[in-house]
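Q: I'd like to ask some things about the structure below.
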Amino acid sequence: MEKDMHLSGGDSLKISEGVLETITGVATAEVKGVYGLADIKDRKDRNAKSKNAVKIVVSDEVAVIDVAVILKYGVNVAQVSQEIQHNIKRSIQTMIGITVAKVNIHIVDIVPQTVKVHA
């Protein structure tokens with residue numbers, strides 16, 4: 001699926017949905033406290049790269065984004081979620097020029113800190 005945008009002078013620009021998904025994924029990963037993206041359907045495999053972690057619906061050049069994330073244990077979930085929302089909106093709007101109406105965050109799992117044993 002591609003998003004067709006109209007430029008000045010009657011020209012057009014086509015942006016694939018994958019580009020929006022990549023920007024969303026990178027913007028999410030930049031936020032401190034995020035362990036990674038997650039497949040909403042499978043919370044067991046924390047190391048898998050998910051293709052179902054980001055869902056984007058664009059209508060009339062306005063986007064609604066859903067992103068599933070795994071957070072690190074001990075973070076302030078509400079604060080990290082707000083930072084993710086802000087970073088995604090800023091990145092999409094700055095890089096693509098599409099208005100982001102809503103970013104829904106789905107916390108799929110929290111990764112506990114590992115305990116290191118010194119011998």
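Within each chain, counting starts at residue 1; across the structure tokens, chains are named A, B, ... in the order shown, with ligands numbered 1 upward in that order.
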Determine, counting only C-alpha atoms, which protein, DNA and RNA residues have an atom within 12 Å of an atom of segment 93-97 of chain A; residues of the same chain fewer than 3 positions away are not included. Present the result as a PyMOL selection string.

A: chain A and resi 3-7+13-17+19-24+27+61-63+86-90+100-101

Q: Can you list, as an MDAnalysis selection string, every protein, DNA or RNA residue that comes within 10 Å of Pro112 of chain A when you count only C-alpha atoms, leaving out same-chain residues fewer than 3 positions away?

A: chainID A and resid 71:74 109 115

Q: Just to confirm, what's the straight-line distance from atom CA of Lys32 of chain A to atom CA of Val57 of chain A in Å (one decimal)?

A: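 Between these atoms lies a distance of 26.1 Å.
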
Q: Quick one: everything within 9 Å of segment 52-54 of chain A, counting only C-alpha atoms, minus sequence neighbours fewer than 4 positions away in the same chain. Send it as a list of chain:residue names.

A: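 So, after excluding close chain neighbours, the residues are A:Glu21, A:Thr22, A:Thr24, A:Gly25, A:Leu37, A:Ala38, A:Asp39, A:Ile40, A:Lys41, A:Ile65, A:Asp66, A:Val67, A:Ala68, A:Val69.
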
Q: Just write the chosen residues, all heavy atoms, as a compact mmCIF listing (two decimals), in the first residue's frame.

A:
# COMPACT_ATOMS: atom_id res chain seq x y z
N GLU A 21 6.07 2.88 8.72
CA GLU A 21 6.31 1.89 9.78
C GLU A 21 7.75 1.97 10.28
O GLU A 21 8.00 1.87 11.48
CB GLU A 21 6.00 0.49 9.28
CG GLU A 21 4.53 0.24 9.05
CD GLU A 21 4.23 -1.09 8.37
OE1 GLU A 21 5.18 -1.82 8.00
OE2 GLU A 21 3.04 -1.38 8.19
N THR A 22 8.70 2.15 9.36
CA THR A 22 10.11 2.26 9.75
C THR A 22 10.34 3.50 10.60
O THR A 22 11.00 3.44 11.64
CB THR A 22 11.01 2.29 8.51
OG1 THR A 22 10.86 1.05 7.81
CG2 THR A 22 12.47 2.48 8.89
N THR A 24 8.18 5.06 12.40
CA THR A 24 7.53 4.82 13.69
C THR A 24 8.39 3.92 14.58
O THR A 24 8.57 4.20 15.77
CB THR A 24 6.14 4.18 13.48
OG1 THR A 24 5.33 5.11 12.74
CG2 THR A 24 5.47 3.85 14.80
N GLY A 25 8.95 2.87 14.01
CA GLY A 25 9.79 1.95 14.77
C GLY A 25 11.05 2.62 15.30
O GLY A 25 11.42 2.44 16.47
N LEU A 37 10.14 -3.29 19.88
CA LEU A 37 8.79 -3.46 19.34
C LEU A 37 8.33 -4.88 19.60
O LEU A 37 9.14 -5.79 19.77
CB LEU A 37 8.78 -3.18 17.84
CG LEU A 37 9.12 -1.75 17.42
CD1 LEU A 37 9.15 -1.64 15.91
CD2 LEU A 37 8.15 -0.75 18.01
N ALA A 38 7.03 -5.09 19.60
CA ALA A 38 6.49 -6.40 19.90
C ALA A 38 5.36 -6.74 18.96
O ALA A 38 4.63 -5.87 18.52
CB ALA A 38 5.96 -6.43 21.33
N ASP A 39 5.22 -8.01 18.69
CA ASP A 39 4.08 -8.50 17.94
C ASP A 39 2.92 -8.60 18.92
O ASP A 39 3.03 -9.26 19.94
CB ASP A 39 4.41 -9.87 17.34
CG ASP A 39 3.33 -10.37 16.41
OD1 ASP A 39 2.17 -9.95 16.56
OD2 ASP A 39 3.64 -11.17 15.53
N ILE A 40 1.85 -7.94 18.63
CA ILE A 40 0.69 -7.95 19.52
C ILE A 40 0.21 -9.38 19.77
O ILE A 40 -0.22 -9.72 20.85
CB ILE A 40 -0.46 -7.09 18.95
CG1 ILE A 40 -0.02 -5.63 18.94
CG2 ILE A 40 -1.72 -7.26 19.77
CD1 ILE A 40 -0.98 -4.71 18.23
N LYS A 41 0.33 -10.24 18.78
CA LYS A 41 -0.18 -11.60 18.89
C LYS A 41 0.74 -12.54 19.66
O LYS A 41 0.31 -13.56 20.14
CB LYS A 41 -0.42 -12.18 17.49
CG LYS A 41 -1.48 -11.42 16.74
CD LYS A 41 -1.62 -11.98 15.34
CE LYS A 41 -2.57 -11.12 14.53
NZ LYS A 41 -2.63 -11.54 13.15
N ILE A 65 -1.95 5.89 14.38
CA ILE A 65 -0.89 4.89 14.51
C ILE A 65 -1.09 4.08 15.78
O ILE A 65 -1.35 4.63 16.84
CB ILE A 65 0.49 5.58 14.54
CG1 ILE A 65 0.70 6.38 13.24
CG2 ILE A 65 1.61 4.57 14.76
CD1 ILE A 65 1.92 7.28 13.25
N ASP A 66 -0.95 2.77 15.64
CA ASP A 66 -0.92 1.86 16.79
C ASP A 66 0.46 1.22 16.80
O ASP A 66 0.93 0.75 15.77
CB ASP A 66 -1.98 0.76 16.63
CG ASP A 66 -3.38 1.27 16.92
OD1 ASP A 66 -4.01 1.84 16.01
OD2 ASP A 66 -3.82 1.11 18.07
N VAL A 67 1.10 1.20 17.96
CA VAL A 67 2.42 0.59 18.08
C VAL A 67 2.46 -0.26 19.35
O VAL A 67 2.03 0.18 20.42
CB VAL A 67 3.56 1.64 18.04
CG1 VAL A 67 3.46 2.62 19.18
CG2 VAL A 67 4.92 0.99 18.02
N ALA A 68 2.93 -1.50 19.20
CA ALA A 68 3.06 -2.42 20.33
C ALA A 68 4.52 -2.44 20.78
O ALA A 68 5.41 -2.62 19.95
CB ALA A 68 2.61 -3.82 19.92
N VAL A 69 4.73 -2.24 22.07
CA VAL A 69 6.09 -2.14 22.58
C VAL A 69 6.31 -3.02 23.80
O VAL A 69 5.38 -3.40 24.50
CB VAL A 69 6.45 -0.67 22.95
CG1 VAL A 69 6.40 0.23 21.74
CG2 VAL A 69 5.55 -0.14 24.04

Q: To one decimal in Å, tell me the separation between atom CA of Ala78 of chain A and atom CA of Gly33 of chain A.

A: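 Value for the atom CA of Ala78 of chain A-atom CA of Gly33 of chain A distance: 11.2 Å.
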